[in-house]
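To be precise, the following lines are model-v4.pdb, and they hold PDB, C-alpha atoms.
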```pdb
ATOM      1  CA  MET A   1     -87.665   5.127  94.904  1.00  0.00           C
ATOM      2  CA  VAL A   2     -86.797   3.500  98.195  1.00  0.00           C
ATOM      3  CA  TYR A   3     -84.495   5.551 100.412  1.00  0.00           C
ATOM      4  CA  THR A   4     -81.727   3.223 101.575  1.00  0.00           C
ATOM      5  CA  LEU A   5     -78.544   3.418 103.585  1.00  0.00           C
ATOM      6  CA  TYR A   6     -76.732   4.016 100.312  1.00  0.00           C
ATOM      7  CA  GLU A   7     -78.682   7.225  99.638  1.00  0.00           C
ATOM      8  CA  GLY A   8     -78.681   8.170 103.304  1.00  0.00           C
ATOM      9  CA  PHE A   9     -74.990   7.712 103.933  1.00  0.00           C
ATOM     10  CA  VAL A  10     -73.024   7.477 100.693  1.00  0.00           C
ATOM     11  CA  LEU A  11     -74.822  10.152  98.685  1.00  0.00           C
ATOM     12  CA  GLN A  12     -75.329  12.493 101.653  1.00  0.00           C
ATOM     13  CA  THR A  13     -71.682  12.185 102.652  1.00  0.00           C
ATOM     14  CA  LYS A  14     -70.648  13.020  99.078  1.00  0.00           C
ATOM     15  CA  ARG A  15     -72.798  16.154  99.290  1.00  0.00           C
ATOM     16  CA  THR A  16     -71.348  17.036 102.681  1.00  0.00           C
ATOM     17  CA  LEU A  17     -67.743  16.704 101.505  1.00  0.00           C
ATOM     18  CA  THR A  18     -68.581  18.661  98.355  1.00  0.00           C
ATOM     19  CA  SER A  19     -69.907  21.412 100.624  1.00  0.00           C
ATOM     20  CA  LEU A  20     -66.663  21.295 102.605  1.00  0.00           C
ATOM     21  CA  SER A  21     -64.616  21.643  99.429  1.00  0.00           C
ATOM     22  CA  HIS A  22     -66.762  24.573  98.308  1.00  0.00           C
ATOM     23  CA  ILE A  23     -66.317  26.527 101.532  1.00  0.00           C
ATOM     24  CA  LEU A  24     -62.564  25.863 101.474  1.00  0.00           C
ATOM     25  CA  HIS A  25     -62.375  27.285  97.948  1.00  0.00           C
ATOM     26  CA  LYS A  26     -64.092  30.446  99.167  1.00  0.00           C
ATOM     27  CA  ALA A  27     -61.656  30.610 102.093  1.00  0.00           C
ATOM     28  CA  GLU A  28     -58.667  30.226  99.808  1.00  0.00           C
ATOM     29  CA  GLU A  29     -59.733  33.388  97.923  1.00  0.00           C
ATOM     30  CA  GLN A  30     -59.440  35.546 101.047  1.00  0.00           C
ATOM     31  CA  PRO A  31     -56.482  37.852 101.854  1.00  0.00           C
ATOM     32  CA  ASN A  32     -55.954  35.946 105.135  1.00  0.00           C
ATOM     33  CA  ALA A  33     -56.185  32.527 103.437  1.00  0.00           C
ATOM     34  CA  SER A  34     -52.746  31.337 104.547  1.00  0.00           C
ATOM     35  CA  SER A  35     -53.654  31.689 108.233  1.00  0.00           C
ATOM     36  CA  LEU A  36     -57.034  29.938 108.034  1.00  0.00           C
ATOM     37  CA  PRO A  37     -55.964  26.259 108.155  1.00  0.00           C
ATOM     38  CA  SER A  38     -54.671  26.723 111.714  1.00  0.00           C
ATOM     39  CA  CYS A  39     -57.629  28.809 112.967  1.00  0.00           C
ATOM     40  CA  ARG A  40     -60.003  27.511 115.638  1.00  0.00           C
ATOM     41  CA  LEU A  41     -63.392  28.459 117.037  1.00  0.00           C
ATOM     42  CA  HIS A  42     -62.009  28.376 120.560  1.00  0.00           C
ATOM     43  CA  ASP A  43     -58.608  27.712 122.116  1.00  0.00           C
ATOM     44  CA  ASP A  44     -59.625  24.267 123.367  1.00  0.00           C
ATOM     45  CA  MET A  45     -60.943  23.180 119.950  1.00  0.00           C
ATOM     46  CA  LYS A  46     -59.077  21.772 116.972  1.00  0.00           C
ATOM     47  CA  SER A  47     -58.112  23.664 113.827  1.00  0.00           C
ATOM     48  CA  LEU A  48     -59.833  24.041 110.471  1.00  0.00           C
ATOM     49  CA  SER A  49     -57.363  21.532 109.027  1.00  0.00           C
ATOM     50  CA  TYR A  50     -58.326  19.031 111.704  1.00  0.00           C
ATOM     51  CA  GLN A  51     -61.994  19.428 110.791  1.00  0.00           C
ATOM     52  CA  VAL A  52     -61.129  18.344 107.229  1.00  0.00           C
ATOM     53  CA  PHE A  53     -58.990  15.499 108.584  1.00  0.00           C
ATOM     54  CA  ALA A  54     -61.781  14.312 110.882  1.00  0.00           C
ATOM     55  CA  ALA A  55     -64.556  14.491 108.265  1.00  0.00           C
ATOM     56  CA  THR A  56     -62.504  12.542 105.731  1.00  0.00           C
ATOM     57  CA  THR A  57     -61.188  10.027 108.267  1.00  0.00           C
ATOM     58  CA  GLN A  58     -64.671   9.340 109.585  1.00  0.00           C
ATOM     59  CA  THR A  59     -65.833   8.809 106.008  1.00  0.00           C
ATOM     60  CA  SER A  60     -63.065   6.211 105.606  1.00  0.00           C
ATOM     61  CA  LEU A  61     -64.000   4.514 108.876  1.00  0.00           C
ATOM     62  CA  ALA A  62     -67.659   4.263 107.908  1.00  0.00           C
ATOM     63  CA  LEU A  63     -66.806   2.918 104.476  1.00  0.00           C
ATOM     64  CA  ALA A  64     -64.509   0.317 106.024  1.00  0.00           C
ATOM     65  CA  LYS A  65     -67.376  -0.885 108.202  1.00  0.00           C
ATOM     66  CA  LEU A  66     -69.911  -0.842 105.366  1.00  0.00           C
ATOM     67  CA  THR A  67     -67.651  -2.667 102.895  1.00  0.00           C
ATOM     68  CA  ALA A  68     -66.077  -5.148 105.352  1.00  0.00           C
ATOM     69  CA  GLU A  69     -62.603  -3.729 104.703  1.00  0.00           C
ATOM     70  CA  PRO A  70     -59.906  -3.221 107.359  1.00  0.00           C
ATOM     71  CA  PHE A  71     -60.285  -0.078 109.426  1.00  0.00           C
ATOM     72  CA  PRO A  72     -57.765   2.717 108.748  1.00  0.00           C
ATOM     73  CA  THR A  73     -55.289   3.182 111.569  1.00  0.00           C
ATOM     74  CA  GLU A  74     -54.661   6.925 111.581  1.00  0.00           C
ATOM     75  CA  GLU A  75     -54.044   8.760 114.841  1.00  0.00           C
ATOM     76  CA  THR A  76     -57.265  10.724 115.218  1.00  0.00           C
ATOM     77  CA  HIS A  77     -56.608  12.834 118.308  1.00  0.00           C
ATOM     78  CA  LYS A  78     -53.646  14.930 117.201  1.00  0.00           C
ATOM     79  CA  ASP A  79     -54.329  18.281 115.616  1.00  0.00           C
ATOM     80  CA  VAL A  80     -52.929  18.693 112.121  1.00  0.00           C
ATOM     81  CA  VAL A  81     -52.320  21.632 109.821  1.00  0.00           C
ATOM     82  CA  TYR A  82     -52.612  21.013 106.105  1.00  0.00           C
ATOM     83  CA  THR A  83     -52.199  23.169 103.050  1.00  0.00           C
ATOM     84  CA  TYR A  84     -55.260  23.776 100.914  1.00  0.00           C
ATOM     85  CA  ALA A  85     -53.883  21.310  98.353  1.00  0.00           C
ATOM     86  CA  GLU A  86     -53.580  18.645 101.064  1.00  0.00           C
ATOM     87  CA  MET A  87     -57.109  19.333 102.322  1.00  0.00           C
ATOM     88  CA  TYR A  88     -58.542  19.080  98.793  1.00  0.00           C
ATOM     89  CA  ALA A  89     -56.565  15.873  98.217  1.00  0.00           C
ATOM     90  CA  ARG A  90     -58.075  14.310 101.352  1.00  0.00           C
ATOM     91  CA  ILE A  91     -61.569  15.328 100.283  1.00  0.00           C
ATOM     92  CA  ASP A  92     -61.019  14.076  96.718  1.00  0.00           C
ATOM     93  CA  LYS A  93     -59.734  10.734  98.000  1.00  0.00           C
ATOM     94  CA  ALA A  94     -62.790  10.344 100.247  1.00  0.00           C
ATOM     95  CA  LEU A  95     -65.109  11.273  97.350  1.00  0.00           C
ATOM     96  CA  GLN A  96     -63.404   8.698  95.124  1.00  0.00           C
ATOM     97  CA  SER A  97     -63.873   6.070  97.827  1.00  0.00           C
ATOM     98  CA  LEU A  98     -67.554   6.935  98.062  1.00  0.00           C
ATOM     99  CA  ASP A  99     -67.880   6.694  94.265  1.00  0.00           C
ATOM    100  CA  ALA A 100     -66.269   3.245  94.302  1.00  0.00           C
ATOM    101  CA  VAL A 101     -68.699   1.740  96.814  1.00  0.00           C
ATOM    102  CA  ASP A 102     -70.630  -1.336  95.772  1.00  0.00           C
ATOM    103  CA  LYS A 103     -74.209  -0.315  96.574  1.00  0.00           C
ATOM    104  CA  ASP A 104     -75.496  -3.894  96.497  1.00  0.00           C
ATOM    105  CA  PHE A 105     -72.844  -5.103  98.955  1.00  0.00           C
ATOM    106  CA  ILE A 106     -73.687  -2.314 101.399  1.00  0.00           C
ATOM    107  CA  LEU A 107     -77.395  -2.987 101.204  1.00  0.00           C
ATOM    108  CA  GLU A 108     -76.896  -6.722 101.610  1.00  0.00           C
ATOM    109  CA  HIS A 109     -74.632  -6.429 104.667  1.00  0.00           C
ATOM    110  CA  CYS A 110     -75.618  -3.163 106.372  1.00  0.00           C
ATOM    111  CA  GLU A 111     -77.555  -4.909 109.126  1.00  0.00           C
ATOM    112  CA  ASP A 112     -74.774  -7.371 109.989  1.00  0.00           C
ATOM    113  CA  VAL A 113     -73.662  -6.844 113.584  1.00  0.00           C
ATOM    114  CA  GLU A 114     -69.906  -7.220 114.049  1.00  0.00           C
ATOM    115  CA  PRO A 115     -67.370  -6.063 116.656  1.00  0.00           C
ATOM    116  CA  THR A 116     -66.491  -2.488 115.697  1.00  0.00           C
ATOM    117  CA  PRO A 117     -63.910  -0.048 117.082  1.00  0.00           C
ATOM    118  CA  LEU A 118     -65.655   2.976 118.584  1.00  0.00           C
ATOM    119  CA  GLY A 119     -64.140   5.503 120.957  1.00  0.00           C
ATOM    120  CA  GLY A 120     -61.281   3.277 122.073  1.00  0.00           C
ATOM    121  CA  ASN A 121     -63.568   0.315 122.685  1.00  0.00           C
ATOM    122  CA  ILE A 122     -64.961  -2.518 120.599  1.00  0.00           C
ATOM    123  CA  GLN A 123     -68.744  -2.511 120.300  1.00  0.00           C
ATOM    124  CA  PRO A 124     -71.111  -4.904 118.513  1.00  0.00           C
ATOM    125  CA  LEU A 125     -72.599  -2.575 115.875  1.00  0.00           C
ATOM    126  CA  SER A 126     -74.403  -2.905 112.581  1.00  0.00           C
ATOM    127  CA  GLY A 127     -73.249  -1.000 109.541  1.00  0.00           C
ATOM    128  CA  ILE A 128     -76.369   1.154 109.745  1.00  0.00           C
ATOM    129  CA  THR A 129     -75.699   2.134 113.342  1.00  0.00           C
ATOM    130  CA  TYR A 130     -72.022   2.852 112.715  1.00  0.00           C
ATOM    131  CA  ALA A 131     -72.764   4.873 109.562  1.00  0.00           C
ATOM    132  CA  CYS A 132     -75.259   6.993 111.517  1.00  0.00           C
ATOM    133  CA  ILE A 133     -72.688   7.684 114.237  1.00  0.00           C
ATOM    134  CA  MET A 134     -69.996   8.578 111.700  1.00  0.00           C
ATOM    135  CA  GLN A 135     -72.331  10.709 109.625  1.00  0.00           C
ATOM    136  CA  ALA A 136     -73.279  12.773 112.671  1.00  0.00           C
ATOM    137  CA  ASN A 137     -69.563  13.301 113.263  1.00  0.00           C
ATOM    138  CA  ILE A 138     -68.942  14.220 109.618  1.00  0.00           C
ATOM    139  CA  PHE A 139     -71.747  16.814 109.734  1.00  0.00           C
ATOM    140  CA  PHE A 140     -70.324  18.160 113.009  1.00  0.00           C
ATOM    141  CA  HIS A 141     -66.827  18.649 111.572  1.00  0.00           C
ATOM    142  CA  VAL A 142     -68.024  20.226 108.322  1.00  0.00           C
ATOM    143  CA  THR A 143     -70.295  22.586 110.261  1.00  0.00           C
ATOM    144  CA  THR A 144     -67.391  23.428 112.574  1.00  0.00           C
ATOM    145  CA  ALA A 145     -65.190  24.167 109.540  1.00  0.00           C
ATOM    146  CA  TYR A 146     -67.904  26.495 108.228  1.00  0.00           C
ATOM    147  CA  SER A 147     -68.140  28.195 111.629  1.00  0.00           C
ATOM    148  CA  ILE A 148     -64.377  28.681 111.876  1.00  0.00           C
ATOM    149  CA  LEU A 149     -64.327  30.329 108.464  1.00  0.00           C
ATOM    150  CA  ARG A 150     -67.282  32.591 109.310  1.00  0.00           C
ATOM    151  CA  LYS A 151     -65.574  33.592 112.553  1.00  0.00           C
ATOM    152  CA  GLU A 152     -62.472  34.495 110.548  1.00  0.00           C
ATOM    153  CA  GLY A 153     -64.440  36.732 108.192  1.00  0.00           C
ATOM    154  CA  VAL A 154     -64.868  34.485 105.160  1.00  0.00           C
ATOM    155  CA  PRO A 155     -68.040  35.710 103.434  1.00  0.00           C
ATOM    156  CA  LEU A 156     -70.056  32.513 103.601  1.00  0.00           C
ATOM    157  CA  GLY A 157     -73.795  32.209 103.764  1.00  0.00           C
ATOM    158  CA  LYS A 158     -76.119  29.330 104.440  1.00  0.00           C
ATOM    159  CA  VAL A 159     -76.413  28.709 100.691  1.00  0.00           C
ATOM    160  CA  ASP A 160     -72.648  27.959 100.541  1.00  0.00           C
ATOM    161  CA  TYR A 161     -73.189  25.080 102.937  1.00  0.00           C
ATOM    162  CA  ILE A 162     -76.568  23.891 101.611  1.00  0.00           C
ATOM    163  CA  LEU A 163     -76.115  24.219  97.825  1.00  0.00           C
ATOM    164  CA  PRO A 164     -74.411  20.821  97.273  1.00  0.00           C
ATOM    165  CA  PHE A 165     -77.363  19.167  98.991  1.00  0.00           C
ATOM    166  CA  VAL A 166     -79.955  20.664  96.641  1.00  0.00           C
ATOM    167  CA  ALA A 167     -77.907  20.880  93.433  1.00  0.00           C
ATOM    168  CA  SER A 168     -77.426  17.129  93.044  1.00  0.00           C
TER     169      SER A 168
END
```

Just give me the structure as structure tokens.
Amino acid sequence: MVYTLYEGFVLQTKRTLTSLSHILHKAEEQPNASSLPSCRLHDDMKSLSYQVFAATTQTSLALAKLTAEPFPTEETHKDVVYTYAEMYARIDKALQSLDAVDKDFILEHCEDVEPTPLGGNIQPLSGITYACIMQANIFFHVTTAYSILRKEGVPLGKVDYILPFVAS
């Protein structure tokens, strides 16, 4: 089997968001569950809820680039606090979007270089390059969510993060 952008981005992002959902379910079982969505690693960092927002928004941005759809226009700098149901809904919506991707379209157009919004600027980027940038961000936010929950005493281990990557 040839390893393509589809496997590298779409399938890996599905695994990453599945991992995020799993660690949130473990968090929701804790006695302090109601306080966790607003918790942070450090005062100058964003909340657990924001980490879910960012991972799902960056998934949507990457998919927009890869499928030649309009870019979502959500405000990405404001911190947000969601309920668990809202966080799961965001993750489920992103997973559904990943499931709906036309693999052939992505593979046919992933090297096309087009003007792309990135960090407040417009850059000429290919789909591959943009997907790599967004995937690094998605991994960062999911790892940060895991770290916030560990800091707050949620009994998570490495296997809780890794399992969706090896179970599929």

Practice task
Step by step, work through what the PyMOL selection byres ((chain A and resi 115) around 9) selects in the shown file, and finish by giving those residues as a ChimeraX atom specification.
Solution key: /A:113-114,116-117,122-126

Exercise for the section: Enumerate, as a VMD selection string, the protein, DNA and RNA residues whose atoms approach (-62.4, 22.1, 100.6) to within 10 Å, taking into account all atoms listed in the file and the coordinate frame of the file. Expected result: chain A and resid 17 to 28 49 52 84 to 92 142 145

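Across the structure, atom CA of A:Tyr6 and atom CA of A:Lys158 are spaced 25.7 Å apart.
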
Exercise for the section: Tell me which protein, DNA and RNA residues are within 7 Å of stretch 127-140 of chain A, counting only C-alpha atoms, leaving out same-chain ones fewer than 3 positions away, and put them as a VMD selection string. Expected result: chain A and resid 5 9 55 58 62 65 to 66 110 to 112 143 to 144

Problem - A:Ile106, A:Leu149, A:Leu163, A:Val2 ranked by distance to A:Leu48, top pick (using all atoms listed in the file) - result: A:Leu149

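You can rank A:Thr73, A:Thr16, A:Gln96, A:Ser60 by their closest distance to A:Pro164 using all atoms listed in the file, and at the top of that list sits A:Thr16.
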
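Of the residues under consideration (A:Phe53, A:Lys93, A:Gly157, A:Asp99), A:Phe53 shows the shortest atom-to-atom contact distance to A:Glu74 when counting only C-alpha atoms.
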
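With all atoms listed in the file as the atoms that count, the residue of A:Leu41, A:Thr56, A:Ser35, A:Gln12 with the shortest distance to A:Arg150 is A:Leu41.
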
Handout entry: Minimum-distance residue to A:Cys39, chosen among A:Thr67, A:Thr57, A:Thr76, A:Ser147 (using only C-alpha atoms)
Key = A:Ser147

Exercise for the section: Rounded to one decimal place, report the atom CA of A:Leu118-atom CA of A:Pro72 distance in Å. Expected result: 12.6 Å

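The space separating atom CA of A:Phe165 from atom CA of A:Pro31 comes to 28.2 Å.
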
If I wrap all listed atoms of stretch 37-47 of chain A in a box with edges along x, y and z and add 4 Å on each side, what are its centre and edge lengths in Å to one decimal, as lines of an AutoDock Vina configuration file?
```
center_x = -59.0
center_y = 25.3
center_z = 115.8
size_x = 16.7
size_y = 15.0
size_z = 23.2
```

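You can rank A:Val159, A:Thr4, A:Lys151, A:Leu36 by their closest distance to A:Tyr82 using only C-alpha atoms, and at the top of that list sits A:Leu36.
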
Complete the atom set of stretch 78-114 of chain A to N, CA and C atoms and return it as a PDB file, in the frame of the given file.
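In the end it all went to part-v6.pdb:
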```pdb
ATOM      1  N   LYS A  78     -54.606  13.839 117.363  1.00  0.00           N
ATOM      2  CA  LYS A  78     -53.646  14.930 117.201  1.00  0.00           C
ATOM      3  C   LYS A  78     -54.169  15.948 116.207  1.00  0.00           C
ATOM      4  N   ASP A  79     -53.963  17.222 116.539  1.00  0.00           N
ATOM      5  CA  ASP A  79     -54.329  18.281 115.616  1.00  0.00           C
ATOM      6  C   ASP A  79     -53.332  18.279 114.471  1.00  0.00           C
ATOM      7  N   VAL A  80     -53.775  18.665 113.309  1.00  0.00           N
ATOM      8  CA  VAL A  80     -52.929  18.693 112.121  1.00  0.00           C
ATOM      9  C   VAL A  80     -53.150  20.014 111.403  1.00  0.00           C
ATOM     10  N   VAL A  81     -52.148  20.459 110.670  1.00  0.00           N
ATOM     11  CA  VAL A  81     -52.320  21.632 109.821  1.00  0.00           C
ATOM     12  C   VAL A  81     -51.895  21.243 108.419  1.00  0.00           C
ATOM     13  N   TYR A  82     -52.829  21.360 107.501  1.00  0.00           N
ATOM     14  CA  TYR A  82     -52.612  21.013 106.105  1.00  0.00           C
ATOM     15  C   TYR A  82     -52.614  22.273 105.248  1.00  0.00           C
ATOM     16  N   THR A  83     -52.044  22.147 104.074  1.00  0.00           N
ATOM     17  CA  THR A  83     -52.199  23.169 103.050  1.00  0.00           C
ATOM     18  C   THR A  83     -53.571  22.969 102.404  1.00  0.00           C
ATOM     19  N   TYR A  84     -53.997  23.949 101.643  1.00  0.00           N
ATOM     20  CA  TYR A  84     -55.260  23.776 100.914  1.00  0.00           C
ATOM     21  C   TYR A  84     -55.169  22.583  99.969  1.00  0.00           C
ATOM     22  N   ALA A  85     -54.045  22.439  99.281  1.00  0.00           N
ATOM     23  CA  ALA A  85     -53.883  21.310  98.353  1.00  0.00           C
ATOM     24  C   ALA A  85     -54.031  19.979  99.094  1.00  0.00           C
ATOM     25  N   GLU A  86     -53.471  19.879 100.281  1.00  0.00           N
ATOM     26  CA  GLU A  86     -53.580  18.645 101.064  1.00  0.00           C
ATOM     27  C   GLU A  86     -55.015  18.414 101.531  1.00  0.00           C
ATOM     28  N   MET A  87     -55.710  19.490 101.909  1.00  0.00           N
ATOM     29  CA  MET A  87     -57.109  19.333 102.322  1.00  0.00           C
ATOM     30  C   MET A  87     -57.970  18.877 101.149  1.00  0.00           C
ATOM     31  N   TYR A  88     -57.783  19.497  99.978  1.00  0.00           N
ATOM     32  CA  TYR A  88     -58.542  19.080  98.793  1.00  0.00           C
ATOM     33  C   TYR A  88     -58.216  17.638  98.417  1.00  0.00           C
ATOM     34  N   ALA A  89     -56.958  17.248  98.549  1.00  0.00           N
ATOM     35  CA  ALA A  89     -56.565  15.873  98.217  1.00  0.00           C
ATOM     36  C   ALA A  89     -57.267  14.876  99.131  1.00  0.00           C
ATOM     37  N   ARG A  90     -57.370  15.191 100.410  1.00  0.00           N
ATOM     38  CA  ARG A  90     -58.075  14.310 101.352  1.00  0.00           C
ATOM     39  C   ARG A  90     -59.554  14.194 100.967  1.00  0.00           C
ATOM     40  N   ILE A  91     -60.152  15.329 100.658  1.00  0.00           N
ATOM     41  CA  ILE A  91     -61.569  15.328 100.283  1.00  0.00           C
ATOM     42  C   ILE A  91     -61.760  14.542  98.990  1.00  0.00           C
ATOM     43  N   ASP A  92     -60.907  14.786  97.999  1.00  0.00           N
ATOM     44  CA  ASP A  92     -61.019  14.076  96.718  1.00  0.00           C
ATOM     45  C   ASP A  92     -60.864  12.569  96.898  1.00  0.00           C
ATOM     46  N   LYS A  93     -59.928  12.169  97.742  1.00  0.00           N
ATOM     47  CA  LYS A  93     -59.734  10.734  98.000  1.00  0.00           C
ATOM     48  C   LYS A  93     -60.983  10.128  98.645  1.00  0.00           C
ATOM     49  N   ALA A  94     -61.569  10.840  99.601  1.00  0.00           N
ATOM     50  CA  ALA A  94     -62.790  10.344 100.247  1.00  0.00           C
ATOM     51  C   ALA A  94     -63.938  10.274  99.243  1.00  0.00           C
ATOM     52  N   LEU A  95     -64.054  11.291  98.369  1.00  0.00           N
ATOM     53  CA  LEU A  95     -65.109  11.273  97.350  1.00  0.00           C
ATOM     54  C   LEU A  95     -64.916  10.110  96.375  1.00  0.00           C
ATOM     55  N   GLN A  96     -63.678   9.839  96.008  1.00  0.00           N
ATOM     56  CA  GLN A  96     -63.404   8.698  95.124  1.00  0.00           C
ATOM     57  C   GLN A  96     -63.780   7.382  95.795  1.00  0.00           C
ATOM     58  N   SER A  97     -63.499   7.278  97.081  1.00  0.00           N
ATOM     59  CA  SER A  97     -63.873   6.070  97.827  1.00  0.00           C
ATOM     60  C   SER A  97     -65.389   5.899  97.867  1.00  0.00           C
ATOM     61  N   LEU A  98     -66.096   6.991  98.059  1.00  0.00           N
ATOM     62  CA  LEU A  98     -67.554   6.935  98.062  1.00  0.00           C
ATOM     63  C   LEU A  98     -68.088   6.528  96.691  1.00  0.00           C
ATOM     64  N   ASP A  99     -67.464   7.050  95.628  1.00  0.00           N
ATOM     65  CA  ASP A  99     -67.880   6.694  94.265  1.00  0.00           C
ATOM     66  C   ASP A  99     -67.637   5.221  93.957  1.00  0.00           C
ATOM     67  N   ALA A 100     -66.647   4.626  94.597  1.00  0.00           N
ATOM     68  CA  ALA A 100     -66.269   3.245  94.302  1.00  0.00           C
ATOM     69  C   ALA A 100     -67.077   2.208  95.083  1.00  0.00           C
ATOM     70  N   VAL A 101     -67.947   2.647  95.957  1.00  0.00           N
ATOM     71  CA  VAL A 101     -68.699   1.740  96.814  1.00  0.00           C
ATOM     72  C   VAL A 101     -69.636   0.860  95.989  1.00  0.00           C
ATOM     73  N   ASP A 102     -69.693  -0.391  96.376  1.00  0.00           N
ATOM     74  CA  ASP A 102     -70.630  -1.336  95.772  1.00  0.00           C
ATOM     75  C   ASP A 102     -71.959  -1.238  96.535  1.00  0.00           C
ATOM     76  N   LYS A 103     -72.909  -0.553  95.936  1.00  0.00           N
ATOM     77  CA  LYS A 103     -74.209  -0.315  96.574  1.00  0.00           C
ATOM     78  C   LYS A 103     -74.862  -1.626  97.017  1.00  0.00           C
ATOM     79  N   ASP A 104     -74.843  -2.625  96.168  1.00  0.00           N
ATOM     80  CA  ASP A 104     -75.496  -3.894  96.497  1.00  0.00           C
ATOM     81  C   ASP A 104     -74.855  -4.559  97.717  1.00  0.00           C
ATOM     82  N   PHE A 105     -73.526  -4.508  97.804  1.00  0.00           N
ATOM     83  CA  PHE A 105     -72.844  -5.103  98.955  1.00  0.00           C
ATOM     84  C   PHE A 105     -73.275  -4.396 100.241  1.00  0.00           C
ATOM     85  N   ILE A 106     -73.280  -3.068 100.209  1.00  0.00           N
ATOM     86  CA  ILE A 106     -73.687  -2.314 101.399  1.00  0.00           C
ATOM     87  C   ILE A 106     -75.102  -2.679 101.821  1.00  0.00           C
ATOM     88  N   LEU A 107     -75.999  -2.699 100.871  1.00  0.00           N
ATOM     89  CA  LEU A 107     -77.395  -2.987 101.204  1.00  0.00           C
ATOM     90  C   LEU A 107     -77.586  -4.417 101.702  1.00  0.00           C
ATOM     91  N   GLU A 108     -76.789  -5.331 101.186  1.00  0.00           N
ATOM     92  CA  GLU A 108     -76.896  -6.722 101.610  1.00  0.00           C
ATOM     93  C   GLU A 108     -76.347  -6.941 103.020  1.00  0.00           C
ATOM     94  N   HIS A 109     -75.321  -6.171 103.401  1.00  0.00           N
ATOM     95  CA  HIS A 109     -74.632  -6.429 104.667  1.00  0.00           C
ATOM     96  C   HIS A 109     -74.796  -5.340 105.727  1.00  0.00           C
ATOM     97  N   CYS A 110     -75.559  -4.305 105.461  1.00  0.00           N
ATOM     98  CA  CYS A 110     -75.618  -3.163 106.372  1.00  0.00           C
ATOM     99  C   CYS A 110     -76.225  -3.472 107.743  1.00  0.00           C
ATOM    100  N   GLU A 111     -76.966  -4.557 107.835  1.00  0.00           N
ATOM    101  CA  GLU A 111     -77.555  -4.909 109.126  1.00  0.00           C
ATOM    102  C   GLU A 111     -76.734  -5.937 109.895  1.00  0.00           C
ATOM    103  N   ASP A 112     -75.643  -6.416 109.299  1.00  0.00           N
ATOM    104  CA  ASP A 112     -74.774  -7.371 109.989  1.00  0.00           C
ATOM    105  C   ASP A 112     -74.150  -6.705 111.210  1.00  0.00           C
ATOM    106  N   VAL A 113     -74.251  -7.360 112.343  1.00  0.00           N
ATOM    107  CA  VAL A 113     -73.662  -6.844 113.584  1.00  0.00           C
ATOM    108  C   VAL A 113     -72.316  -7.525 113.788  1.00  0.00           C
ATOM    109  N   GLU A 114     -71.278  -6.730 113.878  1.00  0.00           N
ATOM    110  CA  GLU A 114     -69.906  -7.220 114.049  1.00  0.00           C
ATOM    111  C   GLU A 114     -69.202  -6.362 115.090  1.00  0.00           C
TER     112      GLU A 114
END
```
